[in-house]
$ cat work19.pdb   # PDB, C-alpha atoms and all ligand atoms
ATOM      1  CA  MET A 162      11.463 -18.118  -2.485
ATOM      2  CA  GLY A 163      10.190 -19.294   0.903
ATOM      3  CA  LYS A 164      12.312 -17.096   3.194
ATOM      4  CA  LEU A 165       9.377 -16.391   5.461
ATOM      5  CA  HIS A 166       8.365 -20.080   5.451
ATOM      6  CA  PHE A 167      11.864 -20.930   6.561
ATOM      7  CA  ALA A 168      11.756 -18.337   9.360
ATOM      8  CA  GLU A 169       8.407 -19.745  10.537
ATOM      9  CA  GLN A 170       9.761 -23.309  10.528
ATOM     10  CA  PHE A 171      12.901 -22.225  12.346
ATOM     11  CA  ALA A 172      10.830 -20.431  14.973
ATOM     12  CA  ALA A 173       8.616 -23.522  15.314
ATOM     13  CA  SER A 174      11.681 -25.663  15.891
ATOM     14  CA  LEU A 175      13.059 -23.317  18.574
ATOM     15  CA  LEU A 176       9.735 -23.217  20.412
ATOM     16  CA  CYS A 177       8.973 -26.950  20.211
ATOM     17  CA  GLU A 178       9.552 -29.151  23.258
ATOM     18  CA  HIS A 179      10.422 -32.267  21.228
ATOM     19  CA  PRO A 180      11.905 -31.303  17.857
ATOM     20  CA  SER A 181      12.924 -34.206  15.585
ATOM     21  CA  ALA A 182      16.556 -35.155  15.011
ATOM     22  CA  GLU A 183      16.438 -33.120  11.778
ATOM     23  CA  GLY A 184      15.230 -30.126  13.753
ATOM     24  CA  PHE A 185      11.580 -30.083  12.685
ATOM     25  CA  ALA A 186       8.899 -29.128  15.216
ATOM     26  CA  CYS A 187       6.888 -32.109  16.492
ATOM     27  CA  GLU A 188       3.543 -30.329  15.845
ATOM     28  CA  GLN A 189       2.128 -32.247  18.851
ATOM     29  CA  CYS A 190       3.403 -30.587  22.031
ATOM     30  CA  LYS A 191       1.662 -27.732  23.829
ATOM     31  CA  PRO A 192       3.916 -24.965  22.428
ATOM     32  CA  CYS A 193       3.353 -26.389  18.929
ATOM     33  CA  HIS A 194      -0.421 -26.321  19.406
ATOM     34  CA  LEU A 195      -0.299 -22.760  20.700
ATOM     35  CA  ARG A 196       1.839 -21.666  17.780
ATOM     36  CA  LYS A 197      -0.424 -23.306  15.210
ATOM     37  CA  ALA A 198      -3.411 -21.531  16.771
ATOM     38  CA  GLY A 199      -1.471 -18.255  16.482
ATOM     39  CA  ASN A 200      -1.437 -17.904  20.280
ATOM     40  CA  HIS A 201       2.135 -18.680  21.313
ATOM     41  CA  PRO A 202       3.091 -15.866  23.722
ATOM     42  CA  ASP A 203       6.822 -16.229  22.970
ATOM     43  CA  LEU A 204       6.471 -15.857  19.203
ATOM     44  CA  LEU A 205       6.189 -12.264  18.052
ATOM     45  CA  HIS A 206       5.681 -10.996  14.517
ATOM     46  CA  VAL A 207       6.679  -7.491  13.537
ATOM     47  CA  GLN A 208       5.513  -6.268  10.145
ATOM     48  CA  PRO A 209       4.118  -3.084   8.591
ATOM     49  CA  ALA A 210       0.573  -2.278   9.721
ATOM     50  CA  GLU A 211      -0.427  -2.281   6.036
ATOM     51  CA  ALA A 212       1.284  -3.867   3.043
ATOM     52  CA  GLY A 213       3.669  -1.400   1.422
ATOM     53  CA  LYS A 214       3.958   0.755   4.571
ATOM     54  CA  MET A 215       6.958   1.123   6.915
ATOM     55  CA  ILE A 216       7.641  -0.545  10.259
ATOM     56  CA  GLN A 217       7.377   2.278  12.808
ATOM     57  CA  VAL A 218       9.576   2.958  15.831
ATOM     58  CA  ASP A 219       6.598   2.419  18.179
ATOM     59  CA  GLN A 220       6.389  -1.168  16.998
ATOM     60  CA  ILE A 221      10.040  -1.725  17.958
ATOM     61  CA  ARG A 222       9.480  -0.014  21.334
ATOM     62  CA  GLN A 223       6.625  -2.428  22.044
ATOM     63  CA  LEU A 224       8.961  -5.239  21.097
ATOM     64  CA  LEU A 225      11.529  -3.903  23.559
ATOM     65  CA  GLN A 226       8.988  -4.126  26.354
ATOM     66  CA  ALA A 227       7.938  -7.621  25.358
ATOM     67  CA  CYS A 228      11.568  -8.768  25.292
ATOM     68  CA  ASN A 229      12.123  -7.529  28.810
ATOM     69  CA  LEU A 230       9.603 -10.045  30.067
ATOM     70  CA  THR A 231      10.895 -13.567  30.477
ATOM     71  CA  ALA A 232       9.697 -16.299  28.161
ATOM     72  CA  ASN A 233       6.378 -17.857  29.175
ATOM     73  CA  TYR A 234       7.634 -21.316  28.335
ATOM     74  CA  SER A 235      11.045 -22.649  29.143
ATOM     75  CA  GLY A 236      12.444 -22.216  25.632
ATOM     76  CA  TYR A 237      13.187 -19.250  23.417
ATOM     77  CA  GLN A 238      11.461 -16.022  22.656
ATOM     78  CA  VAL A 239      11.390 -15.651  18.887
ATOM     79  CA  ILE A 240      10.782 -12.479  16.929
ATOM     80  CA  ILE A 241      10.097 -12.617  13.190
ATOM     81  CA  LEU A 242      10.539  -9.215  11.650
ATOM     82  CA  GLN A 243       9.602  -8.862   7.975
ATOM     83  CA  PRO A 244      10.283  -7.336   5.598
ATOM     84  CA  ALA A 245      13.223  -5.994   7.570
ATOM     85  CA  GLU A 246      14.021  -3.327   4.963
ATOM     86  CA  ALA A 247      10.623  -1.769   5.736
ATOM     87  CA  MET A 248      11.946  -0.412   9.070
ATOM     88  CA  ASN A 249      12.263   3.358   8.972
ATOM     89  CA  ASN A 250      15.500   4.887  10.370
ATOM     90  CA  ASN A 251      14.174   5.384  13.878
ATOM     91  CA  ALA A 252      12.852   1.842  13.998
ATOM     92  CA  ALA A 253      16.183   0.451  12.768
ATOM     93  CA  ASN A 254      18.125   2.454  15.367
ATOM     94  CA  SER A 255      15.825   1.274  18.079
ATOM     95  CA  LEU A 256      16.210  -2.342  16.994
ATOM     96  CA  LEU A 257      19.972  -1.908  16.848
ATOM     97  CA  LYS A 258      20.027  -1.297  20.616
ATOM     98  CA  LEU A 259      18.276  -4.619  21.093
ATOM     99  CA  LEU A 260      20.641  -6.399  18.747
ATOM    100  CA  GLU A 261      23.701  -4.925  20.442
ATOM    101  CA  GLU A 262      22.630  -6.234  23.841
ATOM    102  CA  PRO A 263      20.265  -9.060  23.031
ATOM    103  CA  PRO A 264      18.221 -10.509  25.878
ATOM    104  CA  ALA A 265      19.115 -14.111  26.771
ATOM    105  CA  LYS A 266      17.429 -16.888  24.778
ATOM    106  CA  THR A 267      15.856 -14.500  22.314
ATOM    107  CA  ALA A 268      16.135 -15.074  18.582
ATOM    108  CA  PHE A 269      15.536 -12.267  16.110
ATOM    109  CA  LEU A 270      14.744 -13.505  12.612
ATOM    110  CA  LEU A 271      14.948 -10.648  10.140
ATOM    111  CA  VAL A 272      13.512 -11.586   6.763
ATOM    112  CA  SER A 273      14.565  -9.287   3.962
ATOM    113  CA  HIS A 274      14.035  -9.162   0.194
ATOM    114  CA  GLN A 275      16.670  -6.436  -0.085
ATOM    115  CA  PRO A 276      19.274  -6.960   2.646
ATOM    116  CA  MET A 277      21.482  -4.200   1.239
ATOM    117  CA  ALA A 278      18.673  -1.735   2.011
ATOM    118  CA  LEU A 279      19.200  -2.429   5.740
ATOM    119  CA  PRO A 280      21.576  -0.139   7.658
ATOM    120  CA  ALA A 281      25.100  -1.613   7.740
ATOM    121  CA  THR A 282      25.013  -1.403  11.547
ATOM    122  CA  VAL A 283      22.011  -3.741  11.666
ATOM    123  CA  ARG A 284      23.473  -6.103   9.074
ATOM    124  CA  SER A 285      26.758  -6.374  10.967
ATOM    125  CA  ARG A 286      24.859  -7.666  14.016
ATOM    126  CA  CYS A 287      23.128 -10.446  12.089
ATOM    127  CA  GLN A 288      24.125 -13.842  10.779
ATOM    128  CA  ARG A 289      23.211 -13.833   7.142
ATOM    129  CA  ILE A 290      21.608 -16.817   5.408
ATOM    130  CA  ASP A 291      21.174 -16.386   1.656
ATOM    131  CA  PHE A 292      18.299 -18.031  -0.163
ATOM    132  CA  ASN A 293      19.165 -18.752  -3.735
ATOM    133  CA  ARG A 294      16.797 -19.667  -6.490
ATOM    134  CA  ALA A 295      16.372 -23.417  -6.854
ATOM    135  CA  ALA A 296      17.197 -25.079 -10.182
ATOM    136  CA  HIS A 297      14.327 -24.912 -12.697
ATOM    137  CA  ASP A 298      13.958 -28.706 -12.645
ATOM    138  CA  THR A 299      13.607 -28.747  -8.872
ATOM    139  CA  MET A 300      10.962 -26.015  -8.990
ATOM    140  CA  ARG A 301       9.097 -27.781 -11.771
ATOM    141  CA  GLN A 302       9.081 -31.094  -9.898
ATOM    142  CA  TRP A 303       7.862 -29.456  -6.712
ATOM    143  CA  LEU A 304       5.113 -27.507  -8.469
ATOM    144  CA  GLN A 305       3.962 -30.596 -10.351
ATOM    145  CA  THR A 306       3.152 -32.312  -7.061
ATOM    146  CA  ALA A 307       1.922 -29.196  -5.232
ATOM    147  CA  ALA A 308      -0.302 -27.678  -7.947
ATOM    148  CA  PRO A 309      -3.632 -29.161  -9.081
ATOM    149  CA  ALA A 310      -3.329 -31.871 -11.758
ATOM    150  CA  GLN A 311      -3.270 -30.613 -15.374
ATOM    151  CA  SER A 312      -1.675 -27.304 -14.344
ATOM    152  CA  ASP A 313       0.754 -25.893 -16.886
ATOM    153  CA  VAL A 314       3.678 -25.632 -14.461
ATOM    154  CA  ASP A 315       6.080 -24.168 -17.024
ATOM    155  CA  LEU A 316       3.662 -21.367 -17.800
ATOM    156  CA  LEU A 317       2.991 -20.697 -14.112
ATOM    157  CA  LEU A 318       6.701 -20.457 -13.351
ATOM    158  CA  LYS A 319       7.303 -18.139 -16.303
ATOM    159  CA  LEU A 320       4.414 -15.884 -15.297
ATOM    160  CA  THR A 321       5.807 -15.489 -11.791
ATOM    161  CA  GLN A 322       9.456 -15.010 -12.832
ATOM    162  CA  TYR A 323      10.319 -18.431 -11.393
ATOM    163  CA  ALA A 324       9.085 -17.769  -7.872
ATOM    164  CA  PRO A 325       7.601 -21.199  -7.052
ATOM    165  CA  LEU A 326       5.438 -20.104  -4.115
ATOM    166  CA  SER A 327       3.928 -17.279  -6.167
ATOM    167  CA  ALA A 328       3.315 -19.754  -8.983
ATOM    168  CA  HIS A 329       1.541 -22.051  -6.536
ATOM    169  CA  ALA A 330      -0.538 -19.174  -5.123
ATOM    170  CA  LEU A 331      -1.490 -18.070  -8.639
ATOM    171  CA  ILE A 332      -3.060 -21.412  -9.543
ATOM    172  CA  THR A 333      -4.555 -22.352  -6.167
ATOM    173  CA  GLY A 334      -6.029 -18.888  -5.491
ATOM    174  CA  GLU A 335      -8.206 -16.715  -7.715
ATOM    175  CA  GLY A 336      -5.257 -15.090  -9.499
ATOM    176  CA  PHE A 337      -5.265 -17.244 -12.611
ATOM    177  CA  ALA A 338      -9.009 -16.922 -13.228
ATOM    178  CA  LYS A 339      -8.872 -13.156 -12.699
ATOM    179  CA  ARG A 340      -6.046 -12.890 -15.180
ATOM    180  CA  GLN A 341      -8.202 -14.718 -17.755
ATOM    181  CA  GLN A 342     -11.071 -12.298 -17.147
ATOM    182  CA  LEU A 343      -8.767  -9.307 -17.460
ATOM    183  CA  TRP A 344      -7.321 -10.567 -20.715
ATOM    184  CA  GLN A 345     -10.777 -10.946 -22.232
ATOM    185  CA  SER A 346     -11.696  -7.391 -21.275
ATOM    186  CA  LEU A 347      -8.485  -5.985 -22.764
ATOM    187  CA  ALA A 348      -9.087  -7.887 -25.992
ATOM    188  CA  GLN A 349     -12.647  -6.506 -26.097
ATOM    189  CA  LEU A 350     -11.324  -3.022 -25.608
ATOM    190  CA  LEU A 351      -8.857  -3.393 -28.459
ATOM    191  CA  LEU A 352     -11.455  -4.872 -30.764
ATOM    192  CA  GLU A 353     -13.697  -1.885 -29.999
ATOM    193  CA  LYS A 354     -16.460  -3.869 -28.468
ATOM    194  CA  ALA A 355     -16.374  -2.206 -25.098
ATOM    195  CA  ASP A 356     -16.733   1.137 -23.356
ATOM    196  CA  PRO A 357     -13.452   2.046 -21.576
ATOM    197  CA  VAL A 358     -15.294   3.456 -18.548
ATOM    198  CA  GLN A 359     -17.234   0.220 -18.080
ATOM    199  CA  ILE A 360     -14.068  -1.790 -18.561
ATOM    200  CA  ALA A 361     -12.247   0.328 -15.956
ATOM    201  CA  MET A 362     -15.035  -0.445 -13.472
ATOM    202  CA  GLN A 363     -14.519  -4.170 -14.073
ATOM    203  CA  TRP A 364     -10.768  -3.757 -13.698
ATOM    204  CA  ASP A 365     -11.126  -1.925 -10.421
ATOM    205  CA  LYS A 366     -12.938  -4.952  -8.977
ATOM    206  CA  LEU A 367      -9.940  -7.104  -9.898
ATOM    207  CA  GLU A 368      -7.634  -4.866  -7.786
ATOM    208  CA  ALA A 369      -5.755  -2.100  -9.552
ATOM    209  CA  LYS A 370      -2.220  -3.259  -8.730
ATOM    210  CA  ASN A 371      -2.848  -6.763 -10.068
ATOM    211  CA  VAL A 372      -4.458  -5.319 -13.175
ATOM    212  CA  LEU A 373      -1.448  -3.091 -13.804
ATOM    213  CA  GLY A 374       0.957  -5.967 -13.237
ATOM    214  CA  TRP A 375      -0.741  -8.226 -15.781
ATOM    215  CA  ILE A 376      -1.287  -5.511 -18.371
ATOM    216  CA  GLN A 377       2.360  -4.560 -18.016
ATOM    217  CA  SER A 378       3.341  -8.167 -18.673
ATOM    218  CA  TRP A 379       1.185  -8.276 -21.825
ATOM    219  CA  THR A 380       2.522  -4.926 -23.026
ATOM    220  CA  MET A 381       6.017  -6.398 -22.791
ATOM    221  CA  ASP A 382       4.853  -9.414 -24.774
ATOM    222  CA  PHE A 383       3.321  -7.191 -27.474
ATOM    223  CA  ILE A 384       6.626  -5.325 -27.690
ATOM    224  CA  ARG A 385       8.692  -8.533 -27.758
ATOM    225  CA  PHE A 386       6.602  -9.860 -30.588
ATOM    226  CA  ARG A 387       6.587  -6.562 -32.524
ATOM    227  CA  ILE A 388      10.367  -6.387 -32.340
ATOM    228  CA  THR A 389      11.285 -10.028 -32.966
ATOM    229  CA  SER A 390       8.220 -11.422 -34.825
ATOM    230  CA  GLN A 391       8.926 -14.636 -32.932
ATOM    231  CA  VAL A 392       6.373 -16.258 -30.666
ATOM    232  CA  GLN A 393       9.009 -18.017 -28.583
ATOM    233  CA  TRP A 394       9.755 -14.766 -26.708
ATOM    234  CA  ILE A 395       6.166 -14.365 -25.548
ATOM    235  CA  VAL A 396       5.952 -15.025 -21.800
ATOM    236  CA  ASN A 397       2.157 -15.378 -21.657
ATOM    237  CA  GLN A 398       2.232 -18.433 -23.908
ATOM    238  CA  ASP A 399      -1.401 -19.373 -23.231
ATOM    239  CA  PHE A 400      -2.457 -16.128 -24.995
ATOM    240  CA  ARG A 401       0.165 -16.499 -27.702
ATOM    241  CA  ASP A 402      -2.187 -16.489 -30.697
ATOM    242  CA  SER A 403      -4.186 -13.451 -29.575
ATOM    243  CA  ILE A 404      -1.038 -11.584 -28.577
ATOM    244  CA  GLN A 405       0.342 -12.217 -32.036
ATOM    245  CA  ARG A 406      -2.863 -10.941 -33.655
ATOM    246  CA  LEU A 407      -3.445  -7.921 -31.417
ATOM    247  CA  ALA A 408       0.190  -6.780 -31.346
ATOM    248  CA  THR A 409       0.012  -5.758 -34.999
ATOM    249  CA  GLN A 410      -2.880  -3.385 -34.248
ATOM    250  CA  ILE A 411      -0.856  -1.133 -31.985
ATOM    251  CA  PRO A 412       2.073   0.993 -33.165
ATOM    252  CA  LEU A 413       5.306   0.183 -31.348
ATOM    253  CA  ALA A 414       5.757   3.794 -30.172
ATOM    254  CA  ASP A 415       2.322   3.634 -28.508
ATOM    255  CA  LEU A 416       3.235   0.396 -26.767
ATOM    256  CA  PHE A 417       6.273   2.066 -25.226
ATOM    257  CA  LYS A 418       4.106   5.013 -24.150
ATOM    258  CA  LEU A 419       1.640   2.600 -22.515
ATOM    259  CA  LEU A 420       4.515   0.887 -20.730
ATOM    260  CA  GLU A 421       5.558   4.245 -19.262
ATOM    261  CA  GLN A 422       2.018   5.251 -18.373
ATOM    262  CA  GLN A 423       1.492   1.951 -16.547
ATOM    263  CA  GLN A 424       4.751   2.309 -14.638
ATOM    264  CA  ALA A 425       3.745   5.836 -13.578
ATOM    265  CA  ALA A 426       0.279   4.602 -12.574
ATOM    266  CA  PHE A 427       1.847   1.878 -10.467
ATOM    267  CA  SER A 428       4.086   4.362  -8.615
ATOM    268  CA  LEU A 429       1.107   6.664  -8.098
ATOM    269  CA  LEU A 430      -0.994   3.906  -6.514
ATOM    270  CA  GLN A 431       1.944   2.650  -4.490
ATOM    271  CA  GLY A 432       2.795   6.106  -3.163
ATOM    272  CA  SER A 433      -0.574   7.226  -1.847
ATOM    273  CA  SER A 434      -3.726   5.611  -0.568
ATOM    274  CA  ASN A 435      -5.755   8.718  -1.512
ATOM    275  CA  VAL A 436      -5.463   8.145  -5.248
ATOM    276  CA  LYS A 437      -8.699   6.881  -6.781
ATOM    277  CA  SER A 438      -7.708   3.708  -8.578
ATOM    278  CA  GLN A 439     -10.742   3.772 -10.847
ATOM    279  CA  GLY A 440      -9.694   7.108 -12.325
ATOM    280  CA  VAL A 441      -6.195   5.777 -12.986
ATOM    281  CA  LEU A 442      -7.622   2.677 -14.666
ATOM    282  CA  GLU A 443     -10.060   4.734 -16.744
ATOM    283  CA  ASN A 444      -7.185   6.781 -18.164
ATOM    284  CA  LEU A 445      -5.391   3.578 -18.968
ATOM    285  CA  ALA A 446      -8.379   1.927 -20.657
ATOM    286  CA  ILE A 447      -8.885   5.043 -22.793
ATOM    287  CA  ALA A 448      -5.197   5.090 -23.739
ATOM    288  CA  TRP A 449      -5.343   1.439 -24.835
ATOM    289  CA  GLN A 450      -8.394   2.016 -26.969
ATOM    290  CA  ARG A 451      -6.825   5.102 -28.572
ATOM    291  CA  ALA A 452      -3.661   3.178 -29.324
ATOM    292  CA  SER A 453      -5.548   0.506 -31.172
ATOM    293  CA  GLN A 454      -5.312   1.220 -34.885
ATOM    294  CA  VAL A 455      -8.768  -0.133 -35.559
ATOM    295  CA  THR A 456     -10.217   2.654 -33.430
ATOM    296  CA  ARG A 457      -8.019   5.230 -35.112
ATOM    297  CA  ARG A 458      -9.226   4.278 -38.576
ATOM    298  CA  ALA A 459     -12.827   4.161 -37.462
ATOM    299  CA  SER A 460     -12.707   7.666 -36.032
ATOM    300  CA  THR A 461     -11.248   9.356 -39.092
TER
HETATM  301 ZN    ZN A 501       6.416 -29.503  19.359
END
$ encode --input "work19.pdb" --output "structure tokens"
Amino acid sequence: MGKLHFAEQFAASLLCEHPSAEGFACEQCKPCHLRKAGNHPDLLHVQPAEAGKMIQVDQIRQLLQACNLTANYSGYQVIILQPAEAMNNNAANSLLKLLEEPPAKTAFLLVSHQPMALPATVRSRCQRIDFNRAAHDTMRQWLQTAAPAQSDVDLLLKLTQYAPLSAHALITGEGFAKRQQLWQSLAQLLLEKADPVQIAMQWDKLEAKNVLGWIQSWTMDFIRFRITSQVQWIVNQDFRDSIQRLATQIPLADLFKLLEQQQAAFSLLQGSSNVKSQGVLENLAIAWQRASQVTRRAST
């Protein structure tokens, strides 16, 4: 949705020596140059050490020390903390002290995907700015100019649940090509042309969480088609014909089981860094092949 982009722009504006009348940073002054190089001493970012982890109390204590120093430049000190709901209780309590008696000319920008997950005490000390989803037409127009020519912007938006920045990242990064590769390997698996262990090795190279996300999306499409027999409900429209064909090979009950297995696998990988993703993916590849009716007939 661009919440973090907004926070970055806001910070840039506060730090800039000559912001425009609309409030945009000039991008030319010394503070702007320092910020763009990632070296502005008055701009601090607080985020989990690793994606999916919590913000620890030590990180807030360090922030406390930094805030006690005066700004290096004449303007503001700006702290961008995100995602704010990732603060553990101790971290949130520690931050609360800062928010209750904020140092002069210091702006705390808390970016949160789930503001209700923040302690009420922290929320009550903040000014809340809500970011609502833009209209589909607005997103489509933006993506048409931002994405490479010939991109299927409607498909990209659907695939990312209408999150325009994710849609943009999907087509400009490697995401879209990887998805294509993954789809081919799943189709191979279902048509019995591949060894599940080999396939799981390929999947692991594509990053387990992404693999699970895409396969989950296709499982939903298989189910949608099995239940409605209508292609219009398929989200992954670029694979519509194959989804239609393959969906009939897998019993509906098995599709629901796969959906559950994938959800459990996702939680398992999310919860611990010690879990071997390849093992999880191997189990999944085997389950998909077993569910395919072609395999079942062949083995009896
Ligand atoms: Zn500037």
$ residues_near_ligand --input "work19.pdb" --ligand "ligand ZN 501 (chain A)" --cutoff "9 Å" --atoms "all atoms listed in the file" --output "number ranges by chain"
A: 173-174, 176-181, 185-194
$ resolve_selection --input "work19.pdb" --expression "the PyMOL selection byres (((chain A and resi 270) around 8) and not hetatm)" --output "list in words"
Ala168, Val239, Ile240, Ile241, Leu242, Ala268, Phe269, Leu271 and Val272 of chain A
$ write_last_selection --input "work19.pdb" --atoms "C-alpha atoms" --output "compact mmCIF listing (two decimals), keeping the file's coordinate frame"
# COMPACT_ATOMS: atom_id res chain seq x y z
CA ALA A 168 11.76 -18.34 9.36
CA VAL A 239 11.39 -15.65 18.89
CA ILE A 240 10.78 -12.48 16.93
CA ILE A 241 10.10 -12.62 13.19
CA LEU A 242 10.54 -9.22 11.65
CA ALA A 268 16.14 -15.07 18.58
CA PHE A 269 15.54 -12.27 16.11
CA LEU A 271 14.95 -10.65 10.14
CA VAL A 272 13.51 -11.59 6.76
$ residues_around --input "work19.pdb" --residues "segment 441-455 of chain A" --least-positions-apart "4" --cutoff "9 Å" --atoms "only C-alpha atoms" --output "PyMOL selection string"
chain A and resi 347+350-353+356-362+364-365+369+372-373+407+409-412+415-416+419+422-423+426+429-430+436-437+459-460
$ residues_around --input "work19.pdb" --residues "Gly213 of chain A" --least-positions-apart "2" --cutoff "10 Å" --atoms "all atoms listed in the file" --output "number ranges by chain"
A: 209-211, 215-216, 244, 247, 431-432
$ atom_distance --input "work19.pdb" --atom1 "atom CA of Ala253 of chain A" --atom2 "atom CA of Ala278 of chain A"
11.3 Å
$ closest_residue --input "work19.pdb" --among "A:Gln341, A:Ser346, A:Gln223, A:Thr299" --to "Val207 of chain A" --atoms "all atoms listed in the file"
A:Gln223
$ residues_around --input "work19.pdb" --residues "Trp375 of chain A" --least-positions-apart "2" --cutoff "12 Å" --atoms "all atoms listed in the file" --output "PyMOL selection string"
chain A and resi 320-321+336-337+339-344+347+364+367-373+377-382+396-397+420+423-424+427
$ resolve_selection --input "work19.pdb" --expression "the PyMOL selection byres (((chain A and resi 290) around 12) and not hetatm)" --output "list in words"
Lys164, Phe167, Ala168, Leu270, Leu271, Val272, Ser273, His274, Pro276, Arg284, Cys287, Gln288, Arg289, Asp291, Phe292 and Asn293 of chain A
$ write_last_selection --input "work19.pdb" --atoms "C-alpha atoms" --output "PDB file, in the frame of the given file"
ATOM      1  CA  LYS A 164      12.312 -17.096   3.194  1.00  0.00           C
ATOM      2  CA  PHE A 167      11.864 -20.930   6.561  1.00  0.00           C
ATOM      3  CA  ALA A 168      11.756 -18.337   9.360  1.00  0.00           C
ATOM      4  CA  LEU A 270      14.744 -13.505  12.612  1.00  0.00           C
ATOM      5  CA  LEU A 271      14.948 -10.648  10.140  1.00  0.00           C
ATOM      6  CA  VAL A 272      13.512 -11.586   6.763  1.00  0.00           C
ATOM      7  CA  SER A 273      14.565  -9.287   3.962  1.00  0.00           C
ATOM      8  CA  HIS A 274      14.035  -9.162   0.194  1.00  0.00           C
ATOM      9  CA  PRO A 276      19.274  -6.960   2.646  1.00  0.00           C
ATOM     10  CA  ARG A 284      23.473  -6.103   9.074  1.00  0.00           C
ATOM     11  CA  CYS A 287      23.128 -10.446  12.089  1.00  0.00           C
ATOM     12  CA  GLN A 288      24.125 -13.842  10.779  1.00  0.00           C
ATOM     13  CA  ARG A 289      23.211 -13.833   7.142  1.00  0.00           C
ATOM     14  CA  ASP A 291      21.174 -16.386   1.656  1.00  0.00           C
ATOM     15  CA  PHE A 292      18.299 -18.031  -0.163  1.00  0.00           C
ATOM     16  CA  ASN A 293      19.165 -18.752  -3.735  1.00  0.00           C
TER      17      ASN A 293
END
$ residues_near_point --input "work19.pdb" --point "(2.5, -22.4, -12.7)" --cutoff "9 Å" --atoms "only C-alpha atoms" --output "list in words"
Arg301, Leu304, Gln305, Ala308, Ser312, Asp313, Val314, Asp315, Leu316, Leu317, Leu318, Lys319, Leu320, Thr321, Tyr323, Pro325, Ser327, Ala328, His329, Ala330, Leu331 and Ile332 of chain A
$ atom_distance --input "work19.pdb" --atom1 "atom CA of Gln238 of chain A" --atom2 "atom CA of Glu169 of chain A"
13.0 Å
$ resolve_selection --input "work19.pdb" --expression "the PyMOL selection byres (((chain A and resi 249) around 12) and not hetatm)" --output "list in words"
Gln208, Pro209, Lys214, Met215, Ile216, Gln217, Val218, Asp219, Gln220, Ile221, Pro244, Ala245, Glu246, Ala247, Met248, Asn250, Asn251, Ala252, Ala253, Asn254, Ser255, Leu256, Ala278, Leu279 and Pro280 of chain A
$ closest_residue --input "work19.pdb" --among "A:Leu204, A:Met277, A:Ile404, A:Ala425" --to "Tyr234 of chain A" --atoms "all atoms listed in the file"
A:Leu204
$ atom_distance --input "work19.pdb" --atom1 "atom CA of Thr267 of chain A" --atom2 "atom CA of Ala212 of chain A"
26.4 Å
